[in-house]
$ cat data25.pdb   # PDB, C-alpha atoms and all ligand atoms
ATOM      1  CA  MET A 530     -15.518 -19.094  19.153
ATOM      2  CA  ALA A 531     -16.512 -18.877  15.487
ATOM      3  CA  ASN A 532     -13.866 -18.066  12.869
ATOM      4  CA  ALA A 533     -13.575 -15.009  10.645
ATOM      5  CA  LEU A 534     -15.061 -15.155   7.164
ATOM      6  CA  PRO A 535     -12.288 -16.708   5.072
ATOM      7  CA  LYS A 536     -10.166 -14.444   2.871
ATOM      8  CA  GLY A 537     -11.711 -14.308  -0.570
ATOM      9  CA  SER A 538     -15.276 -14.178   0.841
ATOM     10  CA  ILE A 539     -17.192 -11.432  -0.919
ATOM     11  CA  VAL A 540     -17.903  -8.313   1.122
ATOM     12  CA  ALA A 541     -20.685  -6.034  -0.091
ATOM     13  CA  VAL A 542     -20.684  -2.440   1.132
ATOM     14  CA  VAL A 543     -23.909  -0.499   0.670
ATOM     15  CA  GLY A 544     -23.452   3.262   0.941
ATOM     16  CA  SER A 545     -20.179   4.581  -0.468
ATOM     17  CA  GLY A 546     -19.829   7.821   1.492
ATOM     18  CA  ALA A 547     -17.279   8.619   4.179
ATOM     19  CA  MET A 548     -17.794   5.390   6.113
ATOM     20  CA  GLY A 549     -18.585   2.958   3.291
ATOM     21  CA  SER A 550     -15.476   3.911   1.367
ATOM     22  CA  GLY A 551     -13.312   3.501   4.492
ATOM     23  CA  ILE A 552     -14.834   0.075   5.205
ATOM     24  CA  ALA A 553     -14.241  -0.993   1.588
ATOM     25  CA  GLN A 554     -10.647   0.241   1.817
ATOM     26  CA  VAL A 555      -9.781  -1.870   4.872
ATOM     27  CA  ALA A 556     -11.666  -4.994   3.715
ATOM     28  CA  ALA A 557      -9.986  -4.979   0.277
ATOM     29  CA  ALA A 558      -6.551  -4.353   1.824
ATOM     30  CA  ALA A 559      -7.145  -7.367   4.097
ATOM     31  CA  GLY A 560      -7.692  -9.670   1.102
ATOM     32  CA  TYR A 561     -11.471  -9.600   0.654
ATOM     33  CA  PRO A 562     -13.104  -8.815  -2.721
ATOM     34  CA  VAL A 563     -15.494  -5.890  -2.206
ATOM     35  CA  ARG A 564     -18.585  -4.900  -4.143
ATOM     36  CA  LEU A 565     -19.529  -1.268  -3.564
ATOM     37  CA  TYR A 566     -23.075  -0.052  -4.076
ATOM     38  CA  ASP A 567     -24.705   3.351  -3.572
ATOM     39  CA  SER A 568     -28.031   4.769  -4.755
ATOM     40  CA  ARG A 569     -25.882   7.521  -6.325
ATOM     41  CA  PRO A 570     -23.516   5.788  -8.783
ATOM     42  CA  GLU A 571     -21.204   8.821  -8.713
ATOM     43  CA  ALA A 572     -20.579   8.114  -4.997
ATOM     44  CA  VAL A 573     -19.271   4.632  -5.900
ATOM     45  CA  ALA A 574     -16.946   6.046  -8.567
ATOM     46  CA  LYS A 575     -15.665   8.691  -6.145
ATOM     47  CA  ALA A 576     -15.128   6.105  -3.379
ATOM     48  CA  ILE A 577     -13.098   3.813  -5.648
ATOM     49  CA  ALA A 578     -10.997   6.766  -6.863
ATOM     50  CA  ASP A 579     -10.447   7.999  -3.280
ATOM     51  CA  ILE A 580      -9.464   4.525  -2.051
ATOM     52  CA  GLY A 581      -6.940   4.253  -4.913
ATOM     53  CA  LYS A 582      -5.411   7.579  -3.791
ATOM     54  CA  ALA A 583      -5.350   6.392  -0.164
ATOM     55  CA  TYR A 584      -3.463   3.203  -1.147
ATOM     56  CA  ALA A 585      -1.011   5.323  -3.183
ATOM     57  CA  ARG A 586      -0.324   7.467  -0.095
ATOM     58  CA  LEU A 587       0.298   4.315   1.974
ATOM     59  CA  VAL A 588       2.779   3.108  -0.654
ATOM     60  CA  GLU A 589       4.565   6.488  -0.530
ATOM     61  CA  LYS A 590       4.838   6.155   3.257
ATOM     62  CA  ASP A 591       6.155   2.568   2.945
ATOM     63  CA  ARG A 592       3.152   1.211   4.828
ATOM     64  CA  MET A 593       2.024  -0.918   1.888
ATOM     65  CA  SER A 594       3.971  -2.351  -1.069
ATOM     66  CA  SER A 595       2.908  -1.294  -4.546
ATOM     67  CA  ALA A 596       2.097  -4.948  -5.343
ATOM     68  CA  GLU A 597      -0.254  -5.086  -2.322
ATOM     69  CA  ALA A 598      -1.830  -1.779  -3.344
ATOM     70  CA  ASN A 599      -2.448  -3.052  -6.889
ATOM     71  CA  LEU A 600      -4.007  -6.268  -5.611
ATOM     72  CA  ALA A 601      -6.203  -4.371  -3.147
ATOM     73  CA  ARG A 602      -7.346  -1.990  -5.890
ATOM     74  CA  GLU A 603      -8.257  -4.950  -8.110
ATOM     75  CA  ARG A 604     -10.461  -6.317  -5.329
ATOM     76  CA  LEU A 605     -12.779  -3.276  -5.542
ATOM     77  CA  HIS A 606     -15.788  -3.726  -7.817
ATOM     78  CA  PRO A 607     -18.575  -1.206  -8.413
ATOM     79  CA  ALA A 608     -22.123  -2.604  -8.309
ATOM     80  CA  SER A 609     -24.894  -0.753 -10.088
ATOM     81  CA  THR A 610     -27.776  -2.801  -8.681
ATOM     82  CA  LEU A 611     -28.452  -4.519  -5.354
ATOM     83  CA  GLU A 612     -28.896  -7.797  -7.267
ATOM     84  CA  GLU A 613     -25.144  -7.769  -7.986
ATOM     85  CA  LEU A 614     -24.601  -8.341  -4.249
ATOM     86  CA  ALA A 615     -26.305 -11.766  -4.362
ATOM     87  CA  ASP A 616     -23.096 -13.759  -3.735
ATOM     88  CA  ALA A 617     -21.903 -11.699  -0.742
ATOM     89  CA  ALA A 618     -20.863 -13.479   2.466
ATOM     90  CA  ILE A 619     -21.500 -10.265   4.392
ATOM     91  CA  VAL A 620     -23.216  -6.988   3.553
ATOM     92  CA  VAL A 621     -22.046  -3.966   5.547
ATOM     93  CA  GLU A 622     -24.604  -1.169   5.330
ATOM     94  CA  ALA A 623     -23.379   2.441   5.680
ATOM     95  CA  ILE A 624     -26.281   4.499   4.294
ATOM     96  CA  VAL A 625     -28.220   7.399   5.792
ATOM     97  CA  GLU A 626     -28.892   7.237   9.576
ATOM     98  CA  ASN A 627     -32.642   6.616   9.315
ATOM     99  CA  LEU A 628     -34.502   3.572  10.674
ATOM    100  CA  ASP A 629     -37.123   3.310   7.909
ATOM    101  CA  VAL A 630     -34.573   3.642   5.105
ATOM    102  CA  LYS A 631     -32.312   1.030   6.696
ATOM    103  CA  ARG A 632     -35.235  -1.363   7.258
ATOM    104  CA  LYS A 633     -36.318  -1.030   3.628
ATOM    105  CA  LEU A 634     -32.762  -1.727   2.420
ATOM    106  CA  PHE A 635     -32.405  -4.867   4.562
ATOM    107  CA  ALA A 636     -35.835  -6.130   3.480
ATOM    108  CA  ASP A 637     -34.718  -5.733  -0.159
ATOM    109  CA  LEU A 638     -31.382  -7.412   0.576
ATOM    110  CA  GLU A 639     -33.001 -10.357   2.334
ATOM    111  CA  ALA A 640     -34.738 -11.240  -0.909
ATOM    112  CA  ILE A 641     -31.443 -11.128  -2.839
ATOM    113  CA  VAL A 642     -28.605 -12.567  -0.730
ATOM    114  CA  GLY A 643     -28.017 -16.211   0.229
ATOM    115  CA  GLU A 644     -29.285 -17.865   3.411
ATOM    116  CA  ARG A 645     -25.883 -17.718   5.132
ATOM    117  CA  CYS A 646     -25.098 -14.098   4.280
ATOM    118  CA  ILE A 647     -24.525 -11.898   7.342
ATOM    119  CA  LEU A 648     -26.277  -8.530   7.383
ATOM    120  CA  ALA A 649     -24.248  -5.896   9.241
ATOM    121  CA  THR A 650     -25.159  -2.274   9.883
ATOM    122  CA  ASN A 651     -22.724   0.550  10.596
ATOM    123  CA  THR A 652     -25.471   2.552  12.309
ATOM    124  CA  SER A 653     -24.126   4.978  14.923
ATOM    125  CA  SER A 654     -27.114   4.863  17.209
ATOM    126  CA  ILE A 655     -30.230   3.129  15.900
ATOM    127  CA  SER A 656     -31.412   0.053  17.799
ATOM    128  CA  ILE A 657     -30.084  -3.130  16.172
ATOM    129  CA  THR A 658     -33.170  -4.886  17.551
ATOM    130  CA  SER A 659     -35.435  -2.420  15.674
ATOM    131  CA  ILE A 660     -33.543  -2.606  12.378
ATOM    132  CA  ALA A 661     -33.725  -6.420  12.513
ATOM    133  CA  ALA A 662     -37.316  -6.781  13.738
ATOM    134  CA  PRO A 663     -39.132  -6.897  10.346
ATOM    135  CA  LEU A 664     -36.654  -9.364   8.805
ATOM    136  CA  ARG A 665     -37.562 -12.961   8.076
ATOM    137  CA  ARG A 666     -34.325 -13.984   9.823
ATOM    138  CA  PRO A 667     -33.468 -11.232  12.326
ATOM    139  CA  GLU A 668     -30.800 -13.439  13.948
ATOM    140  CA  ARG A 669     -28.380 -12.720  11.106
ATOM    141  CA  LEU A 670     -28.399  -8.939  11.545
ATOM    142  CA  VAL A 671     -25.677  -7.389  13.706
ATOM    143  CA  GLY A 672     -24.129  -3.977  14.327
ATOM    144  CA  MET A 673     -20.603  -3.503  12.930
ATOM    145  CA  HIS A 674     -19.854   0.048  13.991
ATOM    146  CA  PHE A 675     -16.637   1.532  12.633
ATOM    147  CA  PHE A 676     -15.230   4.937  13.562
ATOM    148  CA  ASN A 677     -14.224   7.831  11.347
ATOM    149  CA  PRO A 678     -11.763   7.780   9.604
ATOM    150  CA  VAL A 679     -12.104   4.003   9.254
ATOM    151  CA  PRO A 680      -8.550   3.215   8.063
ATOM    152  CA  LEU A 681      -7.057   4.979  11.113
ATOM    153  CA  MET A 682      -9.449   4.081  13.913
ATOM    154  CA  ALA A 683      -8.893   0.609  15.369
ATOM    155  CA  LEU A 684     -12.121   0.285  17.359
ATOM    156  CA  VAL A 685     -15.169  -1.529  15.972
ATOM    157  CA  GLU A 686     -18.251  -1.980  18.156
ATOM    158  CA  VAL A 687     -19.938  -5.310  17.389
ATOM    159  CA  ILE A 688     -23.510  -4.855  18.578
ATOM    160  CA  SER A 689     -26.049  -7.588  19.233
ATOM    161  CA  GLY A 690     -29.761  -6.876  19.155
ATOM    162  CA  LEU A 691     -32.165  -9.085  21.084
ATOM    163  CA  ALA A 692     -32.445 -11.531  18.183
ATOM    164  CA  THR A 693     -28.827 -11.516  16.938
ATOM    165  CA  SER A 694     -27.296 -14.992  17.056
ATOM    166  CA  ARG A 695     -24.157 -15.486  19.070
ATOM    167  CA  GLU A 696     -22.450 -17.155  16.084
ATOM    168  CA  VAL A 697     -23.087 -14.147  13.814
ATOM    169  CA  ALA A 698     -21.653 -11.735  16.412
ATOM    170  CA  GLU A 699     -18.599 -13.989  16.833
ATOM    171  CA  ILE A 700     -17.964 -14.249  13.070
ATOM    172  CA  VAL A 701     -18.199 -10.447  12.726
ATOM    173  CA  ASN A 702     -15.910  -9.987  15.716
ATOM    174  CA  ALA A 703     -13.294 -12.325  14.209
ATOM    175  CA  THR A 704     -13.697 -10.763  10.759
ATOM    176  CA  ALA A 705     -13.109  -7.267  12.171
ATOM    177  CA  GLN A 706      -9.868  -8.626  13.657
ATOM    178  CA  ALA A 707      -8.913 -10.095  10.275
ATOM    179  CA  TRP A 708      -9.369  -6.573   8.870
ATOM    180  CA  GLY A 709      -6.826  -5.256  11.414
ATOM    181  CA  LYS A 710      -9.402  -3.829  13.835
ATOM    182  CA  GLU A 711      -9.937  -4.162  17.586
ATOM    183  CA  PRO A 712     -13.554  -5.138  18.087
ATOM    184  CA  VAL A 713     -15.490  -4.877  21.321
ATOM    185  CA  HIS A 714     -18.833  -6.605  21.783
ATOM    186  CA  ALA A 715     -21.816  -4.818  23.318
ATOM    187  CA  ARG A 716     -25.575  -5.260  23.534
ATOM    188  CA  SER A 717     -27.743  -2.772  21.674
ATOM    189  CA  THR A 718     -28.482   0.283  23.817
ATOM    190  CA  PRO A 719     -29.113   3.812  22.464
ATOM    191  CA  GLY A 720     -25.828   5.220  21.096
ATOM    192  CA  PHE A 721     -24.038   1.959  22.053
ATOM    193  CA  ILE A 722     -20.822   2.739  23.970
ATOM    194  CA  VAL A 723     -18.857   5.517  22.280
ATOM    195  CA  ASN A 724     -21.733   7.598  20.918
ATOM    196  CA  ARG A 725     -23.494   7.444  24.272
ATOM    197  CA  VAL A 726     -20.451   8.568  26.234
ATOM    198  CA  ALA A 727     -19.608  11.222  23.596
ATOM    199  CA  ARG A 728     -23.051  12.918  23.680
ATOM    200  CA  PRO A 729     -22.217  15.319  26.530
ATOM    201  CA  TYR A 730     -18.881  16.174  24.848
ATOM    202  CA  TYR A 731     -20.806  17.678  21.935
ATOM    203  CA  ALA A 732     -23.813  18.920  23.897
ATOM    204  CA  GLU A 733     -21.847  20.871  26.504
ATOM    205  CA  ALA A 734     -19.548  22.332  23.842
ATOM    206  CA  LEU A 735     -22.610  23.527  21.876
ATOM    207  CA  ARG A 736     -24.082  25.046  25.052
ATOM    208  CA  LEU A 737     -20.802  26.843  25.759
ATOM    209  CA  LEU A 738     -20.837  28.258  22.246
ATOM    210  CA  LEU A 739     -24.477  29.385  22.514
ATOM    211  CA  GLU A 740     -23.635  31.058  25.836
ATOM    212  CA  ARG A 741     -20.785  32.847  24.001
ATOM    213  CA  ALA A 742     -18.158  31.490  26.390
ATOM    214  CA  ALA A 743     -15.553  31.330  23.601
ATOM    215  CA  ASP A 744     -15.380  30.662  19.874
ATOM    216  CA  PRO A 745     -15.100  27.130  18.395
ATOM    217  CA  ALA A 746     -11.363  27.455  17.669
ATOM    218  CA  THR A 747     -10.633  28.389  21.296
ATOM    219  CA  LEU A 748     -12.849  25.659  22.728
ATOM    220  CA  ASP A 749     -11.281  23.086  20.369
ATOM    221  CA  ALA A 750      -7.758  24.176  21.287
ATOM    222  CA  VAL A 751      -8.526  23.922  25.006
ATOM    223  CA  MET A 752      -9.895  20.392  24.708
ATOM    224  CA  ARG A 753      -7.055  19.331  22.424
ATOM    225  CA  ASP A 754      -4.070  20.975  24.046
ATOM    226  CA  CYS A 755      -5.092  20.932  27.703
ATOM    227  CA  GLY A 756      -7.840  18.299  27.821
ATOM    228  CA  GLY A 757      -5.798  15.652  26.025
ATOM    229  CA  PHE A 758      -8.468  14.896  23.398
ATOM    230  CA  ARG A 759      -7.241  14.033  19.882
ATOM    231  CA  MET A 760      -9.798  16.471  18.406
ATOM    232  CA  GLY A 761     -11.872  19.274  19.890
ATOM    233  CA  PRO A 762     -15.688  18.905  19.782
ATOM    234  CA  PHE A 763     -16.310  21.335  16.896
ATOM    235  CA  GLU A 764     -13.660  19.963  14.544
ATOM    236  CA  LEU A 765     -14.834  16.458  15.437
ATOM    237  CA  MET A 766     -18.479  17.330  14.658
ATOM    238  CA  ASP A 767     -17.324  18.839  11.339
ATOM    239  CA  LEU A 768     -15.503  15.585  10.557
ATOM    240  CA  ILE A 769     -18.459  13.365  11.481
ATOM    241  CA  GLY A 770     -20.945  15.490   9.503
ATOM    242  CA  HIS A 771     -23.696  17.547  11.173
ATOM    243  CA  ASP A 772     -26.428  15.619   9.375
ATOM    244  CA  VAL A 773     -25.095  12.343  10.806
ATOM    245  CA  ASN A 774     -24.371  13.758  14.260
ATOM    246  CA  PHE A 775     -27.763  15.504  14.523
ATOM    247  CA  SER A 776     -29.549  12.263  13.556
ATOM    248  CA  VAL A 777     -27.579  10.384  16.214
ATOM    249  CA  THR A 778     -28.513  12.948  18.884
ATOM    250  CA  GLN A 779     -32.181  12.780  17.885
ATOM    251  CA  SER A 780     -32.145   9.001  17.905
ATOM    252  CA  VAL A 781     -30.566   8.759  21.391
ATOM    253  CA  PHE A 782     -32.936  11.484  22.715
ATOM    254  CA  ASN A 783     -36.003   9.655  21.357
ATOM    255  CA  ALA A 784     -34.768   6.253  22.543
ATOM    256  CA  TYR A 785     -34.549   7.626  26.106
ATOM    257  CA  PHE A 786     -38.114   8.989  25.898
ATOM    258  CA  GLY A 787     -36.980  12.619  25.627
ATOM    259  CA  ASP A 788     -34.489  12.602  28.515
ATOM    260  CA  PRO A 789     -33.359  16.277  28.634
ATOM    261  CA  ARG A 790     -29.719  15.188  29.032
ATOM    262  CA  PHE A 791     -29.781  14.248  25.349
ATOM    263  CA  THR A 792     -31.737  17.241  23.979
ATOM    264  CA  PRO A 793     -30.528  18.037  20.438
ATOM    265  CA  SER A 794     -29.109  21.506  19.830
ATOM    266  CA  VAL A 795     -30.962  24.136  17.791
ATOM    267  CA  LEU A 796     -27.573  25.219  16.490
ATOM    268  CA  GLN A 797     -26.934  21.750  15.054
ATOM    269  CA  GLN A 798     -30.381  21.844  13.453
ATOM    270  CA  GLU A 799     -29.589  25.230  11.871
ATOM    271  CA  LEU A 800     -26.330  23.919  10.406
ATOM    272  CA  VAL A 801     -28.165  20.959   8.881
ATOM    273  CA  ASN A 802     -30.918  23.222   7.503
ATOM    274  CA  ALA A 803     -28.276  25.473   5.944
ATOM    275  CA  GLY A 804     -26.470  22.517   4.359
ATOM    276  CA  PHE A 805     -23.361  23.393   6.391
ATOM    277  CA  LEU A 806     -22.597  19.734   7.052
ATOM    278  CA  GLY A 807     -18.909  20.078   7.903
ATOM    279  CA  ARG A 808     -15.906  18.883   5.923
ATOM    280  CA  LYS A 809     -17.983  17.012   3.369
ATOM    281  CA  SER A 810     -19.870  20.156   2.268
ATOM    282  CA  GLY A 811     -16.909  22.545   2.645
ATOM    283  CA  ARG A 812     -18.411  24.412   5.602
ATOM    284  CA  GLY A 813     -19.481  23.639   9.151
ATOM    285  CA  PHE A 814     -18.078  25.395  12.180
ATOM    286  CA  TYR A 815     -15.021  25.931   9.994
ATOM    287  CA  ARG A 816     -14.561  26.438   6.273
ATOM    288  CA  TYR A 817     -12.637  23.881   4.211
ATOM    289  CA  GLY A 818     -11.017  24.028   0.820
ATOM    290  CA  GLU A 819      -9.473  26.995  -0.895
ATOM    291  CA  ASP A 820     -10.392  29.922   1.353
ATOM    292  CA  ALA A 821     -10.368  28.057   4.660
ATOM    293  CA  THR A 822     -11.090  30.408   7.546
ATOM    294  CA  ARG A 823     -12.433  29.809  11.014
ATOM    295  CA  PRO A 824     -15.716  31.687  11.356
ATOM    296  CA  GLU A 825     -18.321  31.338  14.038
ATOM    297  CA  PRO A 826     -21.557  30.082  12.473
TER     298      PRO A 826
HETATM  299  P1  LIG B 901     -22.400   9.810   4.026
HETATM  300  O1  LIG B 901     -23.474  10.839   3.870
HETATM  301  O2  LIG B 901     -20.973  10.198   3.826
HETATM  302  O3  LIG B 901     -22.687   8.573   3.024
HETATM  303  C1  LIG B 901     -23.916   7.894   2.942
HETATM  304  C2  LIG B 901     -24.051   7.313   1.550
HETATM  305  O4  LIG B 901     -25.208   6.471   1.520
HETATM  306  C3  LIG B 901     -24.261   8.393   0.477
HETATM  307  O5  LIG B 901     -23.296   8.236  -0.559
HETATM  308  C4  LIG B 901     -25.687   8.144  -0.038
HETATM  309  O6  LIG B 901     -25.833   8.381  -1.419
HETATM  310  C5  LIG B 901     -25.872   6.651   0.289
HETATM  311  N1  LIG B 901     -27.263   6.241   0.459
HETATM  312  C6  LIG B 901     -28.229   6.896   1.161
HETATM  313  N2  LIG B 901     -29.375   6.169   1.122
HETATM  314  C7  LIG B 901     -29.092   5.039   0.413
HETATM  315  C8  LIG B 901     -29.851   3.881   0.062
HETATM  316  N3  LIG B 901     -31.131   3.748   0.435
HETATM  317  N4  LIG B 901     -29.265   2.919  -0.665
HETATM  318  C9  LIG B 901     -27.958   3.041  -1.061
HETATM  319  N5  LIG B 901     -27.198   4.101  -0.755
HETATM  320  C10 LIG B 901     -27.748   5.079  -0.005
HETATM  321  O7  LIG B 901     -22.630   9.173   5.482
HETATM  322  P2  LIG B 901     -21.564   8.436   6.420
HETATM  323  O8  LIG B 901     -20.926   9.462   7.291
HETATM  324  O9  LIG B 901     -20.731   7.532   5.603
HETATM  325  O10 LIG B 901     -22.554   7.592   7.375
HETATM  326  C11 LIG B 901     -23.159   6.392   6.938
HETATM  327  C12 LIG B 901     -23.622   5.580   8.135
HETATM  328  O11 LIG B 901     -22.497   5.347   8.997
HETATM  329  C13 LIG B 901     -24.703   6.249   9.000
HETATM  330  O12 LIG B 901     -25.551   5.258   9.509
HETATM  331  C14 LIG B 901     -23.882   6.888  10.116
HETATM  332  O13 LIG B 901     -24.623   7.076  11.282
HETATM  333  C15 LIG B 901     -22.798   5.835  10.310
HETATM  334  N6  LIG B 901     -21.552   6.321  10.920
HETATM  335  C16 LIG B 901     -21.038   7.557  10.581
HETATM  336  C17 LIG B 901     -19.882   8.013  11.182
HETATM  337  C18 LIG B 901     -19.302   9.335  10.836
HETATM  338  O14 LIG B 901     -18.404   9.810  11.565
HETATM  339  N7  LIG B 901     -19.741  10.005   9.758
HETATM  340  C19 LIG B 901     -19.162   7.183  12.178
HETATM  341  C20 LIG B 901     -19.744   5.872  12.385
HETATM  342  C21 LIG B 901     -20.913   5.488  11.801
END

$ encode --input "data25.pdb" --output "structure tokens" --more "lines below"
Ligand code: NAI
Amino acid sequence: MANALPKGSIVAVVGSGAMGSGIAQVAAAAGYPVRLYDSRPEAVAKAIADIGKAYARLVEKDRMSSAEANLARERLHPASTLEELADAAIVVEAIVENLDVKRKLFADLEAIVGERCILATNTSSISITSIAAPLRRPERLVGMHFFNPVPLMALVEVISGLATSREVAEIVNATAQAWGKEPVHARSTPGFIVNRVARPYYAEALRLLLERAADPATLDAVMRDCGGFRMGPFELMDLIGHDVNFSVTQSVFNAYFGDPRFTPSVLQQELVNAGFLGRKSGRGFYRYGEDATRPEP
């Protein structure tokens, strides 16, 4: 078995939204210097500020010493260009869930990073084989799929595409462990493990809502309180983001040649069109922020 990347190896995180900032938070806390990049520089600034607040909360709860929090904060570095990621040992990509955009990013990165740099994608559902296919060295691209919220969720799916080298998958597996995670290895199939199994959870809940069986709050409470799920389907979709979740549904549906089991919901499409993306936009199935209420969409 290959070893984890040694502590002190530079981790580049591209995409500083919900997932990228969580990944940066755990990597820096585990002793790895992190360079954060985003096409919107304000997203990098927000991520670094949010991570600082998250460390402060951990210190308050006695789950981190203030010395550790200071050191972890000092390991976070904003990058304003991709070129600043040239010395990374691993790049973890957490940008928009779109094959062409991800392919373009990795093609750009391949021209910048060193020969031994690992290219990891946090994609929720896109084929690792497809993302890697246009690369000069597709064997160094691997899926490193974290779950939301990253600091709390232990699972990481390490996903091999057809070309991914065994050594790269092993290094990423061991590195996820060094970051305090519990990785599981799988081959690239549409939606991988969790997002494949979770599709009907969302799809049936959306059908129930469209059939006016009950409102989102009731359906969530039933699944939470009686079904034993940590979160009901509507609050979970609001947490994930409807833009992300809708893209995942479309990608799994297309990958299975339009299998009706995976048909995306018109309701999800409407939420995306309205910009009601969930927690991150202040409104999804629920409202967030100052006048939080629980309306039906
Ligand atoms: P997000 O919308 O919170 O953040 C994405 C960030 O990427 C934004 O700040 C955006 O400015 C940036 N970005 C977009 N295109 C870019 C580019 N070409 N170059 C550099 N930066 C770019 O999205 P989120 O939720 O963090 O998702 C990111 C990835 O992680 C997606 O592939 C998603 O499928 C995956 N994922 C999401 C989960 C979730 O629950 N939201 C869970 C697991 C994986």

$ residues_near_ligand --input "data25.pdb" --ligand "ligand LIG 901 (chain B)" --cutoff "8 Å" --atoms "only C-alpha atoms and all ligand atoms" --output "JSON, numbers by chain"
{"A": [543, 544, 545, 546, 547, 548, 549, 550, 566, 567, 568, 569, 572, 573, 622, 623, 624, 625, 626, 627, 630, 631, 633, 634, 650, 651, 652, 653, 654, 674, 675, 676, 677, 678, 768, 769, 770, 772, 773, 774, 776, 777, 809]}

$ closest_residue --input "data25.pdb" --among "A:Val726, A:Leu796, A:Ile580, A:Ala533" --to "A:Leu739" --atoms "all atoms listed in the file"
A:Leu796

$ atom_distance --input "data25.pdb" --atom1 "atom CA of A:Pro729" --atom2 "atom CA of A:Gln797"
14.0 Å

$ closest_residue --input "data25.pdb" --among "A:Ala601, A:Val723, A:Met760, A:Leu670" --to "A:Val588" --atoms "all atoms listed in the file"
A:Ala601

$ resolve_selection --input "data25.pdb" --expression "the PyMOL selection byres (((chain A and resi 682) around 12) and not hetatm)" --output "PyMOL selection string"
chain A and resi 548+551-552+555+674-681+683-686+708-712+759
